[in-house]
Each structure stands twice: as C-alpha cells, then as structure tokens.
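Undergrad: start_7.txt is reproduced in full below (compact mmCIF, C-alpha atoms).
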# COMPACT_ATOMS: atom_id res chain seq x y z
CA MET A 20 -17.06 25.24 -9.61
CA ALA A 21 -16.41 21.99 -11.46
CA LYS A 22 -19.42 20.57 -13.26
CA LYS A 23 -21.39 17.86 -11.52
CA ARG A 24 -21.06 14.31 -12.82
CA VAL A 25 -23.55 11.52 -13.03
CA VAL A 26 -22.28 8.35 -11.39
CA THR A 27 -23.95 5.01 -12.04
CA THR A 28 -23.07 2.33 -9.57
CA THR A 29 -24.46 -0.72 -7.83
CA ILE A 30 -24.99 -0.35 -4.09
CA ASN A 31 -26.14 -3.41 -2.17
CA ASP A 32 -27.30 -5.09 -5.39
CA ARG A 33 -29.36 -2.10 -6.48
CA GLN A 34 -28.42 0.12 -9.39
CA VAL A 35 -28.08 3.68 -8.14
CA GLU A 36 -27.47 6.91 -10.03
CA PHE A 37 -26.37 10.06 -8.29
CA LEU A 38 -24.82 13.45 -8.99
CA CYS A 39 -21.54 14.54 -7.48
CA GLN A 40 -18.79 17.08 -7.84
CA PRO A 41 -15.33 15.64 -8.60
CA ARG A 42 -14.11 16.82 -5.19
CA GLN A 43 -16.77 14.90 -3.27
CA THR A 44 -15.70 11.67 -1.65
CA LEU A 45 -17.66 8.47 -1.84
CA LEU A 46 -18.32 8.87 1.90
CA GLU A 47 -19.89 12.32 1.39
CA SER A 48 -22.01 11.07 -1.48
CA LEU A 49 -23.25 8.08 0.49
CA ARG A 50 -24.14 10.11 3.55
CA ASP A 51 -25.15 13.53 2.24
CA VAL A 52 -26.53 12.75 -1.22
CA LEU A 53 -27.93 9.23 -0.87
CA ASN A 54 -28.86 9.59 2.82
CA MET A 55 -27.14 6.29 3.56
CA THR A 56 -25.83 7.39 6.94
CA GLY A 57 -24.94 3.91 8.19
CA THR A 58 -21.39 4.47 6.93
CA LYS A 59 -19.70 6.71 9.50
CA GLU A 60 -17.23 9.53 9.21
CA GLY A 61 -14.33 9.31 11.64
CA CYS A 62 -10.90 10.71 10.90
CA THR A 63 -11.37 11.48 7.15
CA ASN A 64 -7.77 10.58 6.49
CA GLY A 65 -7.66 6.81 6.21
CA ASN A 66 -6.57 5.93 9.72
CA CYS A 67 -9.74 4.89 11.54
CA GLY A 68 -11.71 2.72 9.09
CA ALA A 69 -15.12 3.97 10.35
CA CYS A 70 -16.10 4.69 6.73
CA THR A 71 -15.18 1.22 5.42
CA VAL A 72 -17.33 -0.05 2.55
CA LEU A 73 -16.65 -2.86 0.11
CA MET A 74 -15.82 -1.76 -3.42
CA ASP A 75 -15.77 -4.61 -5.93
CA GLY A 76 -15.39 -6.97 -2.98
CA ARG A 77 -12.44 -5.18 -1.37
CA PRO A 78 -12.60 -3.08 1.81
CA VAL A 79 -11.81 0.61 1.20
CA ASP A 80 -11.92 3.77 3.28
CA SER A 81 -14.71 5.64 1.51
CA CYS A 82 -13.22 8.95 2.71
CA LEU A 83 -10.23 8.21 0.45
CA VAL A 84 -12.27 7.37 -2.67
CA LEU A 85 -13.67 10.04 -4.96
CA ALA A 86 -17.33 9.45 -5.67
CA VAL A 87 -16.61 9.69 -9.42
CA GLU A 88 -14.31 6.68 -9.06
CA ALA A 89 -17.33 4.58 -8.07
CA GLU A 90 -18.64 4.71 -11.65
CA GLY A 91 -19.45 1.12 -12.62
CA ALA A 92 -18.35 -0.26 -9.25
CA HIS A 93 -20.16 -2.74 -7.03
CA LEU A 94 -20.47 -1.28 -3.55
CA GLU A 95 -21.58 -2.95 -0.34
CA THR A 96 -22.41 -0.86 2.71
CA ILE A 97 -23.64 -1.66 6.20
CA GLU A 98 -27.23 -1.07 5.01
CA GLY A 99 -26.96 -4.20 2.85
CA VAL A 100 -25.58 -6.55 5.49
CA ALA A 101 -28.72 -7.69 7.36
CA PRO A 102 -31.22 -9.96 5.59
CA SER A 103 -34.81 -8.67 5.56
CA ASP A 104 -35.84 -11.02 8.37
CA GLY A 105 -33.17 -10.41 10.99
CA LEU A 106 -29.45 -9.91 11.39
CA ASP A 107 -26.33 -11.21 9.73
CA PRO A 108 -24.35 -13.64 11.96
CA ILE A 109 -21.60 -11.00 12.22
CA GLN A 110 -24.09 -8.49 13.61
CA THR A 111 -25.49 -11.07 16.03
CA ALA A 112 -22.00 -11.94 17.26
CA PHE A 113 -21.17 -8.26 17.82
CA LEU A 114 -24.37 -7.88 19.87
CA GLU A 115 -23.88 -11.04 21.90
CA ASN A 116 -20.26 -10.22 22.68
CA ALA A 117 -21.03 -6.58 23.53
CA ALA A 118 -18.49 -5.66 20.88
CA LEU A 119 -19.74 -2.09 20.67
CA GLN A 120 -20.46 0.79 22.95
CA CYS A 121 -20.94 4.10 21.15
CA GLY A 122 -21.32 2.31 17.82
CA ILE A 123 -19.54 4.79 15.53
CA CYS A 124 -16.82 2.33 14.54
CA THR A 125 -19.19 -0.65 14.28
CA PRO A 126 -20.33 -0.40 10.63
CA GLY A 127 -16.68 -0.16 9.58
CA PHE A 128 -15.69 -3.13 11.73
CA ILE A 129 -18.56 -5.20 10.39
CA MET A 130 -17.68 -4.44 6.76
CA ALA A 131 -14.00 -5.22 7.40
CA THR A 132 -15.00 -8.45 9.18
CA LYS A 133 -17.22 -9.41 6.25
CA SER A 134 -14.29 -8.99 3.91
CA LEU A 135 -11.92 -10.90 6.23
CA LEU A 136 -14.25 -13.88 6.57
CA ALA A 137 -14.94 -13.96 2.82
CA SER A 138 -11.24 -14.49 2.11
CA ASN A 139 -10.33 -16.36 5.30
CA PRO A 140 -13.34 -18.13 6.86
CA HIS A 141 -11.37 -19.44 9.86
CA PRO A 142 -8.90 -16.78 10.90
CA THR A 143 -6.71 -17.11 13.99
CA GLU A 144 -6.84 -14.41 16.66
CA ASP A 145 -3.59 -13.02 15.30
CA GLU A 146 -4.95 -12.85 11.77
CA ILE A 147 -8.08 -11.09 13.02
CA ARG A 148 -6.07 -8.50 14.93
CA PHE A 149 -3.85 -7.78 11.92
CA TYR A 150 -6.71 -7.63 9.43
CA LEU A 151 -8.73 -5.28 11.62
CA ALA A 152 -5.74 -3.02 12.31
CA GLY A 153 -7.19 -0.48 9.89
CA ASN A 154 -10.24 -0.03 12.13
CA LEU A 155 -10.04 1.92 15.36
CA CYS A 156 -12.39 1.67 18.33
CA ARG A 157 -12.10 4.07 21.27
CA CYS A 158 -14.59 2.29 23.55
CA THR A 159 -14.28 -1.47 23.78
CA GLY A 160 -10.54 -2.04 23.81
CA TYR A 161 -10.80 -4.51 20.90
CA ASP A 162 -10.97 -7.75 22.90
CA LYS A 163 -14.73 -8.01 22.61
CA ILE A 164 -14.57 -7.23 18.91
CA VAL A 165 -11.94 -9.91 18.33
CA ARG A 166 -14.00 -12.40 20.36
CA ALA A 167 -17.08 -11.57 18.31
CA VAL A 168 -15.22 -12.28 15.08
CA LEU A 169 -13.83 -15.54 16.49
CA ASP A 170 -17.39 -16.49 17.45
CA VAL A 171 -18.69 -15.95 13.92
CA ALA A 172 -15.88 -18.07 12.51
CA GLU A 173 -16.60 -20.86 15.04
CA SER A 174 -20.35 -20.85 14.48
CA ARG A 175 -19.71 -21.12 10.75
CA GLU A 176 -17.56 -24.18 11.42
CA GLU A 177 -20.44 -25.81 13.33
CA VAL A 178 -22.82 -25.17 10.43
CA SER A 179 -20.43 -26.62 7.89
CA ALA A 180 -19.52 -29.61 10.13
CA MET B 14 -12.31 20.11 -0.17
CA HIS B 15 -10.61 22.28 -2.81
CA ASP B 16 -12.52 22.30 -6.09
CA PHE B 17 -11.00 20.47 -9.07
CA GLU B 18 -11.92 18.92 -12.40
CA TYR B 19 -11.63 15.17 -12.90
CA GLU B 20 -10.26 13.45 -15.98
CA ALA B 21 -9.86 9.72 -16.58
CA PRO B 22 -7.93 9.22 -19.82
CA THR B 23 -7.97 5.79 -21.47
CA SER B 24 -4.58 5.90 -23.19
CA VAL B 25 -1.11 6.82 -21.93
CA ALA B 26 -0.78 9.29 -24.83
CA ASP B 27 -3.97 11.08 -23.73
CA ALA B 28 -2.77 11.12 -20.12
CA VAL B 29 0.56 12.67 -21.15
CA GLU B 30 -1.22 15.25 -23.30
CA LEU B 31 -3.54 16.20 -20.44
CA LEU B 32 -0.65 16.45 -17.99
CA ALA B 33 1.37 18.58 -20.39
CA LYS B 34 -1.63 20.83 -21.08
CA HIS B 35 -2.11 21.52 -17.39
CA ASN B 36 1.63 22.09 -16.94
CA GLY B 37 2.10 21.40 -13.27
CA THR B 38 -1.42 22.27 -12.07
CA ALA B 39 -2.63 18.67 -12.40
CA ARG B 40 -2.13 15.85 -9.89
CA ILE B 41 -2.18 12.20 -10.83
CA LEU B 42 -4.62 9.95 -8.98
CA ALA B 43 -3.70 6.29 -8.58
CA GLY B 44 -4.98 4.72 -5.34
CA GLY B 45 -5.67 8.13 -3.81
CA THR B 46 -4.64 7.13 -0.29
CA ASP B 47 -2.09 9.96 -0.15
CA LEU B 48 -3.50 12.37 -2.73
CA ILE B 49 -7.07 12.73 -1.48
CA ASP B 50 -5.87 13.50 2.05
CA GLN B 51 -3.24 15.92 0.69
CA ILE B 52 -5.92 17.85 -1.25
CA ARG B 53 -8.23 17.87 1.74
CA THR B 54 -5.55 19.26 4.04
CA GLY B 55 -4.48 21.88 1.47
CA ARG B 56 -1.01 20.54 0.72
CA PHE B 57 -1.98 20.38 -2.94
CA ALA B 58 -4.60 22.47 -4.74
CA PRO B 59 -4.72 21.00 -8.25
CA ASP B 60 -6.95 22.42 -11.01
CA VAL B 61 -7.46 18.93 -12.32
CA VAL B 62 -7.04 15.42 -10.96
CA ILE B 63 -6.07 12.88 -13.60
CA ASP B 64 -7.18 9.35 -12.68
CA ILE B 65 -4.82 6.89 -14.37
CA LYS B 66 -6.71 3.76 -13.32
CA LYS B 67 -8.49 3.57 -16.70
CA LEU B 68 -5.12 2.86 -18.33
CA ASP B 69 -5.24 -0.93 -18.67
CA ALA B 70 -1.49 -1.35 -19.14
CA LEU B 71 -0.86 0.17 -15.72
CA HIS B 72 -2.77 -2.68 -14.02
CA ARG B 73 -0.54 -5.44 -15.34
CA ILE B 74 1.76 -7.78 -13.45
CA ASP B 75 3.87 -9.33 -16.24
CA MET B 76 6.50 -11.94 -15.59
CA SER B 77 8.89 -12.80 -18.42
CA SER B 78 12.48 -13.93 -18.94
CA ASP B 79 13.44 -10.25 -18.64
CA GLY B 80 11.97 -10.09 -15.17
CA LEU B 81 8.96 -8.48 -13.56
CA SER B 82 7.02 -5.60 -15.04
CA LEU B 83 4.73 -4.11 -12.44
CA GLY B 84 2.09 -1.60 -13.57
CA ALA B 85 2.20 1.67 -11.68
CA VAL B 86 -1.35 1.42 -10.28
CA VAL B 87 -1.36 -2.24 -9.16
CA PRO B 88 -2.60 -2.11 -5.55
CA CYS B 89 -0.69 -3.70 -2.65
CA TYR B 90 -3.08 -6.62 -2.16
CA ARG B 91 -2.53 -7.87 -5.72
CA ILE B 92 1.24 -7.71 -5.25
CA TYR B 93 1.44 -9.78 -2.06
CA GLY B 94 -1.33 -11.98 -3.45
CA ASP B 95 0.89 -12.97 -6.40
CA GLU B 96 2.71 -16.24 -5.74
CA THR B 97 5.61 -15.52 -8.07
CA ILE B 98 6.25 -12.12 -6.50
CA CYS B 99 6.11 -13.68 -3.02
CA ARG B 100 8.66 -16.30 -4.06
CA ASP B 101 11.04 -14.36 -6.31
CA TYR B 102 10.58 -10.71 -5.30
CA SER B 103 9.93 -11.32 -1.59
CA ALA B 104 11.10 -7.88 -0.44
CA LEU B 105 8.29 -6.31 -2.45
CA ALA B 106 5.70 -8.67 -0.96
CA ASP B 107 7.09 -7.95 2.54
CA ALA B 108 6.73 -4.19 2.02
CA THR B 109 3.25 -4.22 0.49
CA LYS B 110 1.92 -6.40 3.32
CA ILE B 111 2.77 -3.75 5.92
CA ILE B 112 1.69 -0.57 4.14
CA GLY B 113 -1.41 0.61 6.04
CA GLY B 114 -4.21 -1.83 6.81
CA ALA B 115 -6.49 -3.90 4.56
CA GLN B 116 -8.42 -0.82 3.39
CA ILE B 117 -5.28 1.05 2.31
CA GLN B 118 -3.83 -2.07 0.67
CA SER B 119 -6.95 -2.35 -1.50
CA ARG B 120 -6.09 0.93 -3.21
CA ALA B 121 -2.51 2.05 -2.50
CA SER B 122 0.01 1.22 -5.21
CA VAL B 123 3.78 0.87 -5.22
CA GLY B 124 3.88 3.38 -8.10
CA GLY B 125 1.96 5.88 -5.97
CA ASN B 126 4.17 5.18 -2.96
CA LEU B 127 7.21 6.00 -5.11
CA CYS B 128 5.71 9.14 -6.69
CA ASN B 129 4.59 10.45 -3.30
CA SER B 130 8.33 10.30 -2.57
CA GLY B 131 8.12 10.14 1.20
CA PRO B 132 11.49 9.38 2.80
CA ALA B 133 9.88 6.57 4.86
CA ALA B 134 7.96 4.91 1.97
CA ASP B 135 8.07 1.18 2.69
CA SER B 136 8.06 -0.12 -0.87
CA THR B 137 10.87 2.09 -2.20
CA PRO B 138 13.81 0.39 -0.39
CA ALA B 139 12.33 -2.94 -1.51
CA LEU B 140 12.30 -1.74 -5.14
CA ILE B 141 15.87 -0.42 -4.89
CA SER B 142 17.13 -3.70 -3.41
CA LEU B 143 15.51 -5.56 -6.33
CA GLY B 144 17.21 -3.25 -8.85
CA ALA B 145 13.95 -1.73 -10.12
CA LYS B 146 13.80 0.92 -12.81
CA ALA B 147 11.02 3.49 -13.01
CA VAL B 148 9.55 3.60 -16.52
CA ILE B 149 8.33 7.12 -17.23
CA ALA B 150 6.14 8.23 -20.14
CA GLY B 151 6.26 11.84 -21.24
CA PRO B 152 5.88 14.21 -24.20
CA ASP B 153 9.29 13.12 -25.53
CA GLY B 154 8.63 9.39 -25.21
CA ILE B 155 9.68 6.84 -22.64
CA ARG B 156 12.63 7.10 -20.29
CA GLU B 157 13.91 4.88 -17.50
CA VAL B 158 15.33 5.99 -14.17
CA PRO B 159 16.84 3.64 -11.57
CA VAL B 160 14.54 3.88 -8.52
CA GLU B 161 17.45 5.00 -6.29
CA ASN B 162 17.69 8.15 -8.46
CA PHE B 163 13.94 8.82 -8.60
CA CYS B 164 13.34 10.75 -5.36
CA THR B 165 15.14 14.08 -5.00
CA GLY B 166 13.85 15.22 -1.59
CA PRO B 167 10.87 14.76 0.73
CA GLY B 168 7.83 14.78 -1.59
CA LYS B 169 10.04 15.58 -4.60
CA ASN B 170 11.13 13.49 -7.57
CA VAL B 171 12.47 13.59 -11.11
CA LEU B 172 9.06 13.66 -12.83
CA GLN B 173 8.71 16.71 -15.06
CA PRO B 174 5.40 18.36 -16.02
CA GLY B 175 3.76 16.09 -18.56
CA GLU B 176 5.43 12.94 -17.28
CA LEU B 177 3.90 9.98 -15.50
CA LEU B 178 5.24 6.77 -14.03
CA THR B 179 3.79 3.83 -15.94
CA GLU B 180 5.72 0.81 -14.75
CA LEU B 181 8.36 -0.56 -12.43
CA ALA B 182 10.71 -2.96 -14.20
CA MET B 183 12.78 -5.41 -12.17
CA PRO B 184 15.39 -7.78 -13.62
CA SER B 185 14.78 -11.53 -13.43
CA ARG B 186 15.96 -13.31 -10.29
CA PRO B 187 18.78 -15.83 -10.61
CA ALA B 188 18.93 -19.13 -8.72
CA HIS B 189 20.13 -18.78 -5.12
CA SER B 190 18.73 -15.28 -4.80
CA GLY B 191 16.65 -13.98 -1.92
CA SER B 192 15.37 -10.66 -0.63
CA HIS B 193 13.69 -9.13 2.38
CA TYR B 194 12.29 -5.80 3.57
CA LEU B 195 11.63 -4.96 7.18
CA ARG B 196 11.12 -1.84 9.23
CA PHE B 197 11.16 -0.80 12.84
CA ILE B 198 7.97 0.68 14.27
CA PRO B 199 6.93 0.95 17.92
CA ARG B 200 3.54 -0.70 17.18
CA ASN B 201 2.74 -4.00 15.51
CA GLU B 202 1.15 -2.51 12.40
CA MET B 203 -0.32 0.66 10.84
CA ASP B 204 2.66 2.90 11.48
CA ILE B 205 5.35 4.87 9.66
CA ALA B 206 8.83 3.36 9.49
CA VAL B 207 11.35 4.71 12.00
CA VAL B 208 13.93 2.90 9.86
CA GLY B 209 13.33 0.51 6.95
CA VAL B 210 15.87 -1.73 5.21
CA GLY B 211 15.55 -3.77 2.03
CA ALA B 212 18.18 -6.32 1.08
CA SER B 213 18.67 -8.65 -1.83
CA VAL B 214 21.45 -11.20 -2.21
CA VAL B 215 22.63 -13.69 -4.81
CA LEU B 216 24.66 -16.61 -3.44
CA ASP B 217 26.89 -19.10 -5.25
CA ASP B 218 25.85 -22.75 -5.75
CA SER B 219 27.22 -23.77 -2.36
CA GLY B 220 25.13 -21.11 -0.60
CA GLU B 221 28.25 -20.09 1.36
CA LYS B 222 29.51 -17.18 -0.70
CA ILE B 223 27.82 -13.90 -1.65
CA VAL B 224 27.98 -13.26 -5.40
CA SER B 225 26.24 -9.88 -5.25
CA ALA B 226 24.01 -7.86 -2.93
CA ARG B 227 21.90 -4.72 -2.92
CA ILE B 228 20.91 -2.93 0.28
CA ALA B 229 18.56 0.06 0.50
CA LEU B 230 17.56 2.24 3.43
CA GLY B 231 14.38 4.14 4.24
CA ALA B 232 13.58 6.90 6.77
CA VAL B 233 17.21 7.77 7.50
CA ALA B 234 17.72 10.54 4.92
CA ALA B 235 15.74 13.02 2.84
CA THR B 236 15.18 10.27 0.26
CA PRO B 237 15.35 6.47 0.32
CA LEU B 238 19.00 5.49 -0.17
CA PHE B 239 20.85 2.84 -2.12
CA ALA B 240 23.66 1.70 0.19
CA GLU B 241 26.18 1.30 -2.59
CA GLU B 242 29.33 0.76 -0.52
CA ALA B 243 27.63 -1.73 1.81
CA SER B 244 26.29 -3.60 -1.22
CA GLU B 245 29.61 -3.72 -3.06
CA LEU B 246 31.71 -4.83 -0.15
CA LEU B 247 29.53 -7.91 0.29
CA ALA B 248 30.27 -9.19 -3.22
CA GLY B 249 32.68 -12.12 -3.18
CA ARG B 250 32.67 -12.51 0.60
CA PRO B 251 31.78 -15.68 2.46
CA VAL B 252 28.40 -15.59 4.20
CA GLY B 253 29.05 -14.83 7.85
CA ASP B 254 29.33 -12.31 10.64
CA GLU B 255 32.37 -10.58 9.22
CA ALA B 256 30.60 -9.69 5.97
CA ILE B 257 27.39 -8.70 7.70
CA GLU B 258 29.18 -6.52 10.23
CA ALA B 259 31.06 -4.72 7.48
CA ALA B 260 27.74 -4.01 5.73
CA MET B 261 26.23 -2.80 9.03
CA ALA B 262 29.06 -0.31 9.52
CA ALA B 263 28.69 0.91 5.94
CA THR B 264 24.92 1.47 6.17
CA ARG B 265 25.28 3.26 9.52
CA LYS B 266 27.84 5.54 7.93
CA ILE B 267 25.48 6.84 5.23
CA ALA B 268 22.43 7.21 7.49
CA THR B 269 21.78 10.91 8.12
CA PRO B 270 18.44 10.72 9.94
CA ILE B 271 16.52 13.46 11.70
CA ASP B 272 15.50 13.65 15.35
CA ASP B 273 11.76 13.49 15.74
CA MET B 274 9.04 11.96 17.88
CA ARG B 275 9.65 8.57 16.21
CA GLY B 276 13.31 8.33 17.12
CA THR B 277 16.55 10.18 17.75
CA VAL B 278 19.47 10.36 15.34
CA GLU B 279 21.50 8.02 17.54
CA PHE B 280 18.69 5.48 17.79
CA ARG B 281 17.97 5.55 14.06
CA LYS B 282 21.63 5.04 13.19
CA HIS B 283 21.82 2.12 15.58
CA VAL B 284 18.63 0.55 14.22
CA THR B 285 19.93 1.00 10.66
CA GLY B 286 22.71 -1.43 11.50
CA VAL B 287 20.44 -3.87 13.31
CA LEU B 288 17.96 -3.98 10.44
CA THR B 289 20.78 -4.32 7.91
CA ARG B 290 21.79 -7.49 9.72
CA ARG B 291 18.24 -8.84 10.00
CA SER B 292 17.31 -8.10 6.39
CA LEU B 293 20.52 -9.67 5.11
CA GLU B 294 20.10 -12.77 7.29
CA LYS B 295 16.55 -13.30 6.06
CA ALA B 296 17.53 -12.63 2.44
CA ILE B 297 20.36 -15.19 2.77
CA GLU B 298 18.01 -17.74 4.34
CA ARG B 299 15.61 -17.27 1.43
CA ALA B 300 18.42 -17.45 -1.12
CA ARG B 301 19.57 -20.78 0.33
CA ALA B 302 16.05 -22.15 0.05
CA ASN B 303 15.75 -20.91 -3.53
CA THR B 304 17.40 -23.42 -5.83
CA GLY B 305 15.92 -21.79 -8.92
CA SER B 306 13.58 -24.65 -9.75
Let's see the structure in the file written out as structure tokens.

TA:
Amino acid sequence: MAKKRVVTTTINDRQVEFLCQPRQTLLESLRDVLNMTGTKEGCTNGNCGACTVLMDGRPVDSCLVLAVEAEGAHLETIEGVAPSDGLDPIQTAFLENAALQCGICTPGFIMATKSLLASNPHPTEDEIRFYLAGNLCRCTGYDKIVRAVLDVAESREEVSA
Amino acid sequence: MHDFEYEAPTSVADAVELLAKHNGTARILAGGTDLIDQIRTGRFAPDVVIDIKKLDALHRIDMSSDGLSLGAVVPCYRIYGDETICRDYSALADATKIIGGAQIQSRASVGGNLCNSGPAADSTPALISLGAKAVIAGPDGIREVPVENFCTGPGKNVLQPGELLTELAMPSRPAHSGSHYLRFIPRNEMDIAVVGVGASVVLDDSGEKIVSARIALGAVAATPLFAEEASELLAGRPVGDEAIEAAMAATRKIATPIDDMRGTVEFRKHVTGVLTRRSLEKAIERARANTGS
C-alpha cells in the first residue's frame, strides 16, 4: 500500500491538514476523512457534477481530482457558501424557486452557479444552460434551476442599480 | 481504486528519468479527467502516477513570430480565454469550448486530449488543421512529431516509455487566414463527437482564392485523420461551391467510420461531407475578416 501523504490546503478560508493515500480522490477525502459530506457523490466519472467544488476559483469535479493534488490549493465547498447569519442569495433563490427536490445535485449546482456568476454576473438563459451543462439533475427538469439562477442575477442588478 | 504511488517532479529531466525508471508502469497525470476514471474502472493499473503540473514550462502559452507554443498541461478554459488564440487559432478555441462542461474545462488539457488518443478527441482535428507539431521530451532529448502522425490507434500513440509530451507548437498565422472546428452531436453540449471536422484556410489578398488549406477529421477512423488530398486540391482554387464540393468528396472518401449507437457508417460518411463544407465556410468567413492587422 502506498504511503499516506500529508496535504495542507485551504478549505473555505480555513487552513486544513489531512492524510490521504495517493489513490484517494479529493471527493473521498472531503467526505470520508474530513466529514464534509455536503459535497455529494454521483457518477464518480465526471459526468454529473454533483461533486463540484471550487479549486483556486475554478469549478472542478472533485471525483476527478486526486486529494494529493489539492496541496497548496484554495478550495471552496458548499459548507462555506452560507454566511453565519442566514443563506447566500443563490441558496435563497434555489429555495424560493423550488429548484430542488431530492437535493443530491444541489450542492454541485450551487457551486457551479457561484462560479458562473463570479465570471458573468448577468448571464442570459442560454449562457446559464450551457454553463450548467456539467451538472445533472434527475428531479426538477432544469427549468426551476435556470429560473433560480436568473433570479439571483436579477436581484443582484437591483442591488447594484 | 487501484493502489499507486504519486510523484510530482519539478523538472522535465526528472520527469523523463522517473518515466524511464518505471518503464511503462507509470501513467502521466495532467488534468486527470480521463486518467482518474480510467484507473478507477481498471483500464489502467499504474504502479506510479506522475503529475506533470509542477513543470512550469508546461503551463505556458507563448506567442512569438514563430507562432504559438502551447504547454501540454494548459487547461481548456485558459485556451479559449486567450484573445490571441481566439482570433488567430480559432479552431483550437472552438474545440476547447465544447470539451465537457465547465468543470472538465477547468482541468482537461489539449496535451492530455492528444495523449489519451481517442479517435473522437475534439482538439486533435483542430491541432492538425493548424499544422501543430507535438514536442516530445525523452531520454534521448527532444523530438517533434506532426500531430497527424501522433496517434496510432484508439488509445495508442507514438510515445515510447520514458517520453512525455511537453508542448504543442503551431506555426504563425498569415494574413487572410481563418480556421474552425465543429462536430456533430445529437445533444447541445456534453457529448462525444459523432463526426468532427477542423479546417484552416489561407486566402489571397482579394479573399477570392484559396492559397492553402488543411482539413482534419475526427471520429471517422481509428485515429484522427489529416485529409491530405482534400487539403491539397483546394490550393489555388477560387473560393466557391466547386472547390468545397471537391473537398467534401475527398473527405468522404477517406472516412472509414464504425457503426455504433452514435451513428451508422452511412450517416457518418454523409456528415463528414456536410461538416467539411460548414467548417470550410466558417474558416473562409474568418479568413476574409482577418486582414492581418
């Protein structure tokens, strides 16, 4: 068995050290070692996006990242999205638009949405659908999710106006 | 997942030495979007995984009078996010925009796409149309292989034990040049090409005559193909239906696709012609807009 490695990384602005084997994915380390089970396991092959986290600001499928590759990286997971006194506007919009049913895909969708809105604060419906193509949902049929994301973008416009 | 050791060398020489030492039992990790799944499903069972992302030179996008030097691990999002690549090497931007979704594009590289050597790889026909060479480092030094000669079969290529792809080198783009890559898929995104075609053209000053062209095909043979005859017969011809139809017939002729759930042989051959036309028309449109300023 390959020797365990120490990985030092920043997760949701906190420095975290953990042990992993080279063959463990970032997803496994988050869920099984760090008990951060907000990030979900779906297909484990990069199709469904349920395990999406942000790595150095970019969305990645954490099932396709080795945990050792996270050395020195800045990670953001669903656990870091809500402020201490409530919800992030993306989370609120998902709730208000009923953009979830079983909820397994939701953390991945919210992380992908966060990354979309960071680079494109006012996406069109088409842009939203293309950007979120790497996230699958088997319950809602996507329309409610897309509407939720449009809502966040619009409410941001009102704030900035 | 299969147990393996992990190494992350910080120089190309160290990477080559490690690869040579493990003589075929190592796999190279770039973006990991193919490799990690292949290890998980048992297609590969390496003793050691060599992460080449600590090699700074492999992250570079260098533009010079010689052309574009693209590091082997540069992920898709940096490629289509580069204005010069979008303008001058459009086919490459087109391809990297449609490989997987945002998550895959954060990690997947064109170098990895080439080394994975899938017949339907989207970025390989784009590279071939742009005349790219694969720069390979190995125990005996550096060698260059034209990308159309890199893949030797599904999942197979010319890399020998101890060798790694470090860079993709593309010649500079003259005035009045344009390129395009497109594929057919039954969905709007996140799918594997049923057929993919990359085309690059150089026009004369009037924009009415083709000086030279390169066409490449994906998903219609065991490897991506350079459509040499189709490319050569376009040179010197006036832009128009006659030239494009001749190229369509020539690309259809060399397509030897398989029948599978994505499409029949007949359908794929037909689509090869259709996409040859569309990629050429878009490349010509871009070439006319590109005055070389």

Undergrad: At most 12 Å from (-3.3, -4.8, -7.1), file frame, all atoms listed in the file: which residues, as JSON, numbers by chain?

TA: {"A": [77], "B": [43, 44, 66, 71, 72, 73, 74, 83, 84, 85, 86, 87, 88, 89, 90, 91, 92, 93, 94, 95, 106, 109, 110, 117, 118, 119, 120, 121, 122, 123, 124, 125]}

Undergrad: Between B:Leu293, B:Ala235, B:Ala229, B:Ala133, which residue has the minimum interatomic distance to Gly253 in chain B, considering all atoms listed in the file?

TA: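 For Gly253 in chain B, the nearest of the given residues is B:Leu293.
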
Undergrad: Find the residues of chain B that sit at most 8 Å from chain A; for each, write down the nearest two atoms and how far apart they are in Å, to one decimal. Count only C-alpha atoms. Sort by chain, then by number going up, and give it as a tab-separated table.

TA:
residue	atom	partner	partner_atom	distance
B:Met14	CA	A:Arg42	CA	6.3
B:His15	CA	A:Arg42	CA	6.9
B:Asp16	CA	A:Arg42	CA	5.8
B:Phe17	CA	A:Ala21	CA	6.1
B:Glu18	CA	A:Ala21	CA	5.5
B:Tyr19	CA	A:Pro41	CA	5.7
B:Gly45	CA	A:Leu83	CA	6.2
B:Thr46	CA	A:Leu83	CA	5.7
B:Ile49	CA	A:Leu83	CA	5.8
B:Asp50	CA	A:Asn64	CA	5.6
B:Gly113	CA	A:Gly153	CA	7.0
B:Gly114	CA	A:Gly153	CA	4.5
B:Ala115	CA	A:Tyr150	CA	6.1
B:Gln116	CA	A:Val79	CA	4.3
B:Ile117	CA	A:Val79	CA	6.6
B:Ser119	CA	A:Arg77	CA	6.2
B:Arg120	CA	A:Val79	CA	7.2
B:Glu202	CA	A:Ala152	CA	6.9
B:Met203	CA	A:Ala152	CA	6.7

Undergrad: Might you pull out every residue within 12 Å of Gly144 in chain B, with all atoms listed in the file counted and same-chain residues fewer than 6 positions away left off, and present them as a VMD selection string?

TA: chain B and resid 80 to 81 102 104 to 105 137 to 138 158 to 162 181 to 186 192 211 to 214 225 to 229 239 241 244

Undergrad: Take CA of Asn303 in chain B and CA of Gly191 in chain B and report the distance between them in Å, one decimal.

TA: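 Interatomic distance, CA of Asn303 in chain B to CA of Gly191 in chain B: 7.2 Å.
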
Undergrad: Report, in Å to a single decimal, how far apart CA of Asp145 in chain A and CA of Lys295 in chain B are.

TA: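 A separation of 22.2 Å between them.
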
Undergrad: Compile the contact shell of Val168 in chain A as a ChimeraX atom specification: residues with an atom at most 8 Å away, counting only C-alpha atoms, same-chain residues fewer than 3 positions apart removed.

TA: /A:109,112-113,132,147,164-165,171-172

Undergrad: Taking C-alpha atoms for each residue, export the selection above as a compact mmCIF listing (two decimals), keeping the file's coordinate frame.

TA:
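out36.txt was written with the following content:
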# COMPACT_ATOMS: atom_id res chain seq x y z
CA ILE A 109 -21.60 -11.00 12.22
CA ALA A 112 -22.00 -11.94 17.26
CA PHE A 113 -21.17 -8.26 17.82
CA THR A 132 -15.00 -8.45 9.18
CA ILE A 147 -8.08 -11.09 13.02
CA ILE A 164 -14.57 -7.23 18.91
CA VAL A 165 -11.94 -9.91 18.33
CA VAL A 171 -18.69 -15.95 13.92
CA ALA A 172 -15.88 -18.07 12.51

Undergrad: Would you mind telling me which residue in A:Ala69, A:Cys158, A:Ile129, A:Met55 lies nearest to Asp107 in chain A when using only C-alpha atoms?

TA: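 Closest to Asp107 in chain A of all the choices is A:Ile129.
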
Undergrad: Skipping near chain neighbours, those fewer than 5 positions away, what residues fall within 10 Å of range 91-97 of chain A using all atoms listed in the file, listed as a ChimeraX atom specification?

TA: /A:26-34,49,55-59,70-78,125-130

Undergrad: Which one of B:Leu68, B:Leu216, B:Ala139, B:Ser103 sits closest to Leu247 in chain B if you count only C-alpha atoms?

TA: B:Leu216

Undergrad: In Å, how far is it from CA of Ala206 in chain B to CA of Leu177 in chain B?

TA: 26.3 Å

Undergrad: List the neighbours of Lys34 in chain B out to 12 Å using only C-alpha atoms; skip same-chain residues closer than 2 positions along the sequence, and give me the result as a list of chain:residue names.

TA: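 So, after excluding close chain neighbours, the residues are B:Asp27, B:Ala28, B:Val29, B:Glu30, B:Leu31, B:Leu32, B:Asn36, B:Gly37, B:Thr38, B:Ala39, B:Asp60, B:Val61, B:Ile63, B:Gly151, B:Pro152, B:Pro174, B:Gly175, B:Glu176.
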
Undergrad: Restricting the calculation to all atoms listed in the file: of B:Asp135, B:Glu245, B:Asp153, B:Asp217, which residue gets closest to Ala260 in chain B?

TA: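 Of the candidates, the smallest distance to Ala260 in chain B is held by B:Glu245.
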